[in-house]
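Next up, work.cif (mmCIF, C-alpha atoms and all ligand atoms):
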```cif
data_final
loop_
_atom_site.label_atom_id
_atom_site.label_comp_id
_atom_site.auth_asym_id
_atom_site.auth_seq_id
_atom_site.Cartn_x
_atom_site.Cartn_y
_atom_site.Cartn_z
CA MET A 174 15.75 -47.72 -17.54
CA GLY A 175 18.60 -45.26 -18.06
CA ARG A 176 16.38 -43.38 -20.49
CA LEU A 177 13.49 -43.30 -18.01
CA VAL A 178 15.73 -41.90 -15.30
CA PHE A 179 17.00 -39.30 -17.73
CA LEU A 180 13.42 -38.36 -18.72
CA PHE A 181 12.46 -38.10 -15.05
CA ALA A 182 15.50 -35.98 -14.27
CA SER A 183 14.87 -33.68 -17.22
CA SER A 184 11.21 -33.24 -16.33
CA LEU A 185 12.28 -32.33 -12.81
CA LEU A 186 14.65 -29.78 -14.30
CA LEU A 187 11.82 -28.41 -16.43
CA MET A 188 9.61 -28.12 -13.35
CA VAL A 189 12.36 -26.27 -11.50
CA ALA A 190 12.79 -24.01 -14.52
CA ALA A 191 9.03 -23.42 -14.75
CA THR A 192 8.79 -22.41 -11.10
CA THR A 193 11.83 -20.18 -11.07
CA VAL A 194 11.65 -18.60 -14.51
CA SER A 195 8.63 -16.44 -13.72
CA ALA A 196 9.83 -15.40 -10.25
CA ALA A 197 11.44 -11.99 -10.39
CA ILE A 198 13.04 -9.79 -7.78
CA LEU A 199 11.26 -6.45 -7.80
CA GLU A 200 12.90 -3.54 -6.05
CA HIS A 201 10.93 -0.40 -5.24
CA SER A 202 11.33 2.73 -3.18
CA PHE A 203 8.62 4.44 -1.15
CA TYR A 204 9.13 8.02 0.00
CA ALA A 205 6.69 8.87 2.81
CA LYS A 206 6.38 12.63 3.06
CA ASN A 207 4.14 15.68 3.29
CA LEU A 208 1.66 16.24 0.49
CA THR A 209 -0.78 19.12 0.34
CA VAL A 210 -4.15 18.16 -1.10
CA THR A 211 -7.58 19.73 -1.27
CA ARG A 212 -10.55 17.63 -0.21
CA LEU A 213 -13.98 18.81 0.94
CA CYS A 214 -12.90 22.36 0.11
CA ASN A 215 -10.06 22.25 2.63
CA ARG A 216 -6.37 22.33 1.96
CA GLN A 217 -4.73 19.78 4.18
CA VAL A 218 -1.16 18.58 4.64
CA ILE A 219 -1.26 14.80 4.70
CA THR A 220 1.40 12.11 4.81
CA ALA A 221 1.51 10.17 1.55
CA VAL A 222 3.87 7.92 -0.37
CA ASN A 223 5.57 9.35 -3.47
CA ASP A 224 3.40 12.49 -3.64
CA SER A 225 0.41 10.36 -4.45
CA PHE A 226 -2.81 9.69 -2.54
CA PRO A 227 -3.48 6.78 -2.75
CA GLY A 228 0.15 5.77 -3.13
CA PRO A 229 1.61 3.75 -6.00
CA SER A 230 0.10 0.38 -6.90
CA LEU A 231 2.55 -2.51 -6.79
CA ARG A 232 2.05 -5.10 -9.53
CA VAL A 233 3.70 -8.46 -9.00
CA GLN A 234 3.41 -12.07 -10.10
CA GLU A 235 2.89 -14.87 -7.63
CA GLY A 236 6.36 -16.17 -6.71
CA ASP A 237 8.07 -12.79 -7.02
CA LYS A 238 10.32 -11.41 -4.32
CA LEU A 239 9.74 -7.81 -3.30
CA ILE A 240 12.37 -5.51 -1.88
CA ILE A 241 10.88 -2.20 -0.81
CA HIS A 242 13.02 0.58 0.62
CA VAL A 243 10.87 2.91 2.70
CA PHE A 244 12.35 6.36 3.27
CA ASN A 245 10.55 8.31 5.95
CA ILE A 246 10.79 12.01 5.17
CA SER A 247 7.51 12.72 6.97
CA PRO A 248 7.35 14.35 10.42
CA PHE A 249 5.85 11.15 11.93
CA LYS A 250 7.24 7.73 12.75
CA ILE A 251 5.86 5.16 10.38
CA THR A 252 5.83 1.51 9.30
CA ILE A 253 4.26 -0.14 6.25
CA HIS A 254 2.12 -3.28 6.55
CA TRP A 255 1.43 -5.47 3.51
CA ARG A 256 -2.09 -6.37 4.39
CA GLY A 257 -2.96 -10.00 3.73
CA VAL A 258 0.49 -10.99 2.49
CA SER A 259 1.51 -14.22 4.23
CA GLN A 260 4.98 -13.41 5.50
CA LEU A 261 6.46 -16.89 5.28
CA MET A 262 9.89 -16.79 6.94
CA SER A 263 9.88 -12.97 6.72
CA ALA A 264 7.86 -11.89 9.76
CA TRP A 265 10.25 -8.97 10.22
CA SER A 266 8.82 -7.51 7.00
CA ASP A 267 5.19 -7.63 8.16
CA GLY A 268 5.19 -4.06 9.43
CA PRO A 269 3.02 -3.72 12.57
CA GLU A 270 4.71 -1.05 14.66
CA MET A 271 6.25 -2.36 17.91
CA ILE A 272 5.20 -5.93 17.09
CA THR A 273 7.60 -6.96 14.34
CA GLN A 274 9.68 -3.79 14.15
CA CYS A 275 10.36 -0.43 15.69
CA ALA A 276 8.83 2.43 13.74
CA ILE A 277 10.95 4.14 11.10
CA ARG A 278 11.74 7.50 12.63
CA PRO A 279 11.65 10.68 10.53
CA GLY A 280 14.79 10.84 8.40
CA ASN A 281 15.38 7.07 8.58
CA ASN A 282 14.71 4.18 6.25
CA TYR A 283 13.82 0.49 6.45
CA THR A 284 13.90 -2.22 3.80
CA TYR A 285 11.11 -4.77 3.59
CA LYS A 286 11.95 -8.06 1.84
CA TYR A 287 9.49 -10.86 1.25
CA ARG A 288 8.35 -13.36 -1.34
CA ILE A 289 4.71 -13.65 -2.33
CA THR A 290 3.84 -17.32 -2.65
CA LYS A 291 0.56 -19.21 -3.06
CA GLN A 292 -1.41 -15.96 -3.17
CA GLU A 293 -3.15 -14.14 -6.02
CA GLY A 294 -5.51 -11.19 -6.10
CA THR A 295 -5.64 -7.57 -5.02
CA LEU A 296 -4.44 -6.73 -1.54
CA PHE A 297 -3.29 -3.45 -0.11
CA TRP A 298 -0.43 -1.92 1.80
CA HIS A 299 -0.93 0.72 4.46
CA ALA A 300 0.88 2.52 7.26
CA HIS A 301 0.69 0.60 10.53
CA SER A 302 1.41 3.55 12.83
CA SER A 303 -1.28 5.72 14.33
CA PHE A 304 -4.05 6.81 11.95
CA LEU A 305 -1.55 7.40 9.14
CA ARG A 306 -3.06 4.49 7.24
CA ALA A 307 -5.88 6.91 6.34
CA THR A 308 -3.61 8.55 3.77
CA VAL A 309 -0.67 6.15 3.48
CA HIS A 310 -2.12 3.28 1.49
CA GLY A 311 -2.09 1.69 -1.93
CA ALA A 312 -2.81 -1.53 -3.82
CA ILE A 313 -0.69 -4.66 -4.26
CA ILE A 314 -1.92 -6.56 -7.29
CA ILE A 315 -0.69 -10.17 -7.43
CA HIS A 316 -1.11 -11.66 -10.88
CA PRO A 317 -0.88 -15.39 -11.50
CA ARG A 318 2.52 -16.70 -12.58
CA ALA A 319 3.32 -16.78 -16.29
CA ARG A 320 1.36 -19.55 -18.02
CA HIS A 321 -1.05 -19.80 -15.06
CA SER A 322 -4.53 -18.50 -15.68
CA TYR A 323 -6.92 -16.45 -13.59
CA PRO A 324 -9.59 -18.49 -11.80
CA PHE A 325 -12.14 -16.50 -13.88
CA PRO A 326 -12.30 -15.22 -17.47
CA LYS A 327 -9.60 -12.61 -18.04
CA PRO A 328 -11.18 -9.23 -17.28
CA TYR A 329 -11.46 -6.61 -20.00
CA ARG A 330 -9.93 -4.02 -17.70
CA GLU A 331 -8.75 -3.85 -14.11
CA VAL A 332 -9.20 -0.80 -11.87
CA PRO A 333 -8.02 -0.99 -8.26
CA ILE A 334 -10.62 0.45 -5.88
CA LEU A 335 -9.37 1.54 -2.46
CA LEU A 336 -11.94 2.58 0.12
CA GLY A 337 -10.88 4.96 2.88
CA GLU A 338 -11.91 7.70 5.27
CA TRP A 339 -11.06 11.38 5.21
CA TRP A 340 -10.64 13.79 8.12
CA ASN A 341 -10.44 17.56 7.70
CA ALA A 342 -7.59 17.39 10.20
CA ASN A 343 -4.17 15.95 10.74
CA VAL A 344 -5.03 12.30 11.42
CA VAL A 345 -2.26 11.99 14.03
CA ASP A 346 -3.94 14.86 15.95
CA VAL A 347 -7.27 13.00 15.68
CA GLU A 348 -5.77 9.95 17.35
CA ASN A 349 -3.80 11.91 19.97
CA GLN A 350 -6.90 13.88 20.93
CA ALA A 351 -8.90 10.66 21.35
CA LEU A 352 -6.16 9.15 23.52
CA ALA A 353 -5.81 12.32 25.62
CA LEU A 354 -9.56 12.61 26.24
CA GLY A 355 -10.19 8.88 26.58
CA ILE A 356 -13.06 9.05 24.12
CA GLY A 357 -13.55 7.75 20.60
CA PRO A 358 -11.79 9.57 17.80
CA ASN A 359 -13.65 12.23 15.81
CA ILE A 360 -15.87 10.72 13.18
CA SER A 361 -14.35 11.13 9.73
CA ASN A 362 -15.73 13.85 7.44
CA ALA A 363 -16.12 11.61 4.40
CA TYR A 364 -15.52 8.21 2.98
CA THR A 365 -13.18 8.05 0.02
CA ILE A 366 -12.79 5.95 -3.10
CA ASN A 367 -9.24 6.05 -4.42
CA GLY A 368 -8.58 9.07 -2.21
CA TRP A 369 -11.62 11.07 -3.34
CA PRO A 370 -14.89 11.78 -1.57
CA GLY A 371 -17.95 11.92 -3.82
CA ASP A 372 -18.51 14.70 -6.30
CA LEU A 373 -21.72 15.79 -4.57
CA TYR A 374 -20.20 17.59 -1.58
CA PRO A 375 -21.71 21.09 -1.54
CA CYS A 376 -18.49 23.06 -1.84
CA SER A 377 -20.27 26.19 -3.02
CA GLN A 378 -21.75 26.55 0.48
CA ASN A 379 -18.21 26.79 1.80
CA HIS A 380 -17.15 29.40 -0.75
CA CYS A 381 -15.18 26.87 -2.70
CA VAL A 382 -14.62 27.81 -6.30
CA GLN A 383 -16.74 25.71 -8.62
CA ASN A 384 -15.68 22.10 -8.64
CA CYS A 385 -13.43 21.39 -5.65
CA ARG A 386 -12.28 18.10 -7.07
CA HIS A 387 -9.95 19.90 -9.47
CA THR A 388 -8.68 22.66 -7.21
C1 LIG A 401 8.69 6.49 -5.74
O1 LIG A 401 9.37 7.67 -6.08
C2 LIG A 401 10.76 7.48 -6.35
C3 LIG A 401 11.39 8.85 -6.52
O2 LIG A 401 10.69 9.60 -7.46
C4 LIG A 401 10.91 6.59 -7.56
O3 LIG A 401 12.28 6.36 -7.81
C5 LIG A 401 10.21 5.24 -7.27
O4 LIG A 401 10.26 4.42 -8.42
C6 LIG A 401 8.78 5.46 -6.87
N1 LIG A 401 8.24 4.20 -6.42
C7 LIG A 401 7.16 3.61 -6.97
C8 LIG A 401 6.75 2.30 -6.38
O5 LIG A 401 6.52 4.10 -7.89
C1 LIG A 402 5.15 18.69 7.03
O1 LIG A 402 3.91 19.05 7.55
C2 LIG A 402 3.93 19.33 8.94
C3 LIG A 402 2.49 19.58 9.36
O2 LIG A 402 1.82 18.34 9.41
C4 LIG A 402 4.81 20.54 9.22
O3 LIG A 402 4.87 20.80 10.59
C5 LIG A 402 6.20 20.25 8.66
O4 LIG A 402 7.00 21.40 8.79
C6 LIG A 402 6.14 19.83 7.22
N1 LIG A 402 7.47 19.39 6.80
C7 LIG A 402 8.03 19.78 5.67
C8 LIG A 402 9.37 19.21 5.36
O5 LIG A 402 7.47 20.54 4.90
C1 LIG A 403 19.24 4.01 5.49
O1 LIG A 403 19.40 3.86 6.89
C2 LIG A 403 20.67 3.35 7.26
C3 LIG A 403 20.65 3.16 8.77
O2 LIG A 403 19.63 2.29 9.11
C4 LIG A 403 21.77 4.30 6.84
O3 LIG A 403 23.03 3.73 7.14
C5 LIG A 403 21.67 4.55 5.34
O4 LIG A 403 22.58 5.54 4.98
C6 LIG A 403 20.26 4.99 4.97
N1 LIG A 403 20.18 5.08 3.51
C7 LIG A 403 19.84 6.17 2.88
C8 LIG A 403 19.88 6.10 1.40
O5 LIG A 403 19.44 7.16 3.47
C1 LIG A 404 -12.69 16.96 16.78
O1 LIG A 404 -13.98 17.52 16.69
C2 LIG A 404 -14.18 18.67 17.55
C3 LIG A 404 -15.66 19.06 17.45
O2 LIG A 404 -16.01 19.29 16.12
C4 LIG A 404 -13.23 19.78 17.12
O3 LIG A 404 -13.39 20.90 17.99
C5 LIG A 404 -11.81 19.28 17.21
O4 LIG A 404 -10.92 20.27 16.74
C6 LIG A 404 -11.64 18.00 16.39
N1 LIG A 404 -10.33 17.47 16.59
C7 LIG A 404 -9.42 17.35 15.63
C8 LIG A 404 -8.10 16.75 16.03
O5 LIG A 404 -9.61 17.70 14.48
#
```
Written as structure tokens, that's how I'd like the structure from this file.
Amino acid sequence: MGRLVFLFASSLLLMVAATTVSAAILEHSFYAKNLTVTRLCNRQVITAVNDSFPGPSLRVQEGDKLIIHVFNISPFKITIHWRGVSQLMSAWSDGPEMITQCAIRPGNNYTYKYRITKQEGTLFWHAHSSFLRATVHGAIIIHPRARHSYPFPKPYREVPILLGEWWNANVVDVENQALALGIGPNISNAYTINGWPGDLYPCSQNHCVQNCRHT
């Protein structure tokens, strides 16, 4: 009996070890700020995270805790929403502006802290203030825990695909104009895949030099 109890206790310990060993604490910083990009032959100042549009992909394992410091150096107030992440006991890290937090004002910062549990797959994060989500977005890739497999054969390669919309305008102006006029916002000028419209836009008609994609 003593031996059985010992075996039971040690298997419990092993289970505890197995569930905690793979859970890491990942700390990241996001800097939301101006970025000048060229799309559809137009140079446009957008708000983006870490000079990258889309912003950085976060790669985590199920069970990990994320700590993300968001520094708002942009001219607009902003929050970040972790779309699809179940915020268990961490609602204050969910991100919808004026619902779970006040917006982060320009020059300020806010730290999001949450654990990702019982979720796997590719989700995305995006700004949850005004139309800024159009350019402030990126992927969160949640891998299975160590020694847990994918529910499908392991893919040869993984490429996050983020679909979005592009305006040849400051997206905050697009929203403000719609609110001021009481009409729908201007229709976007293009759809984007990973921040890029298609290659077939006729830039030459707009006096754009050769291939706009690389200008
Ligand atoms: C964002 O940029 C900062 C400053 O360059 C860097 O320290 C940080 O690791 C970057 N964050 C991510 C998630 O790549
Ligand atoms: C960022 O861009 C805005 C235009 O959207 C501009 O008014 C502002 O001066 C820029 N800020 C910096 C720090 O360059
Ligand atoms: C972040 O904001 C807090 C106030 O909320 C401030 O005390 C702190 O200095 C800021 N941190 C940095 C690195 O700017
Ligand atoms: C919305 O579209 C109208 C008509 O094309 C244009 O005059 C206006 O400048 C646009 N608004 C913004 C904020 O880009």
Practice task
Fewer than 6 positions away in the same chain doesn't count, so skip those; otherwise give me all residues within 8 Å of stretch 318-327 of chain A, counting all atoms listed in the file, as a list in words.
Solution key: Ser195, Ala196, Gln234, Glu235 and Gly236 of chain A
Handout entry: Shell of 9 Å around ligand LIG 402 (chain A) (only C-alpha atoms and all ligand atoms), written as a count of residues only
Key = 14
Exercise for the section: Measuring atom to atom with only C-alpha atoms and all ligand atoms, identify which of A:Tyr364, A:Ala276, A:Ala312, A:Thr290 is nearest to ligand LIG 401 (chain A). Expected result: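 Result for the nearest residue to ligand LIG 401 (chain A): A:Ala312.
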Practice task
With only C-alpha atoms counted, which protein, DNA or RNA residues have an atom no more than 12 Å from (-9.2, 15.2, -3.3) in the file frame? Please answer as a ChimeraX atom specification.
Solution key: /A:208-219,225-227,308,338-341,363-372,374,384-388
Practice task
Return as a ChimeraX atom specification every polymer residue, whether protein, DNA or RNA, with at least one atom no more than 8 Å from an atom of ligand LIG 403 (chain A); count all atoms listed in the file.
Solution key: /A:244,280-283
Practice task
Would you list the residues that come within 7 Å of ligand LIG 404 (chain A)? Count only C-alpha atoms and all ligand atoms and give the answer as a PyMOL selection string.
Solution key: chain A and resi 341-343+346-347+350+359
Env. residues ligand LIG 401 (chain A) / 6 Å / only C-alpha atoms and all ligand atoms / as a PDB file with C-alpha atoms, keeping the file's coordinate frame:
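Saved file selection11.pdb follows:
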```pdb
ATOM      1  CA  HIS A 201      10.930  -0.400  -5.240  1.00  0.00           C
ATOM      2  CA  SER A 202      11.330   2.730  -3.180  1.00  0.00           C
ATOM      3  CA  PHE A 203       8.620   4.440  -1.150  1.00  0.00           C
ATOM      4  CA  TYR A 204       9.130   8.020   0.000  1.00  0.00           C
ATOM      5  CA  ASN A 223       5.570   9.350  -3.470  1.00  0.00           C
ATOM      6  CA  PRO A 229       1.610   3.750  -6.000  1.00  0.00           C
TER       7      PRO A 229
END
```
Problem - Nearest to A:Ile314 by atom-to-atom distance, counting all atoms listed in the file, from A:Leu199, A:Ala205, A:Leu231, A:Leu239 - result: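 That would be A:Leu231, the residue with the smallest distance to A:Ile314.
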Counting all atoms listed in the file, which residues in stretch 281-364 of chain A sit no more than 7 Å from stretch 263-271 of chain A? For each one, give the nearest pair of atoms and the distance in Å, sorted by chain then residue number, as CSV.
```
residue,atom,partner,partner_atom,distance
A:Tyr285,CA,A:Ser266,CA,4.9
A:Lys286,CA,A:Ser266,CA,6.1
A:Tyr287,CA,A:Ser263,CA,5.9
A:His301,CA,A:Pro269,CA,5.3
A:Ser302,CA,A:Glu270,CA,5.9
```
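Between atom CA of A:Glu200 and atom CA of A:Ser230 the interatomic distance comes to 13.4 Å.
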Practice task
Could you please determine the separation between atom CA of A:Val332 and atom CA of A:Glu293 in Å, to one decimal place?
Solution key: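 Separation between atom CA of A:Val332 and atom CA of A:Glu293: 15.8 Å.
The space separating atom CA of A:Ser303 from atom CA of A:Glu348 comes to 6.9 Å.
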Problem - Which of A:Ile277, A:Leu336, A:Ala351, A:Ile313 sits closest to A:Lys250 [using only C-alpha atoms] - result: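 Of the candidates, the smallest distance to A:Lys250 is held by A:Ile277.
Among the candidates A:Thr252, A:Gln274, A:Asn349, A:Ser361, the one nearest to A:Ala300 when counting all atoms listed in the file is A:Thr252.
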Problem - Counting only C-alpha atoms, the option among A:Pro279, A:Pro317, A:Pro328, A:Gly337 closest to A:Val243 - result: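 Ranking A:Pro279, A:Pro317, A:Pro328, A:Gly337 by distance to A:Val243, first place goes to A:Pro279.
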Problem - Pick from A:Trp255, A:Val309, A:Leu261, A:Ile289, whichever lies nearest to A:Val233 using all atoms listed in the file - result: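 Smallest separation from A:Val233 among the options: A:Ile289.
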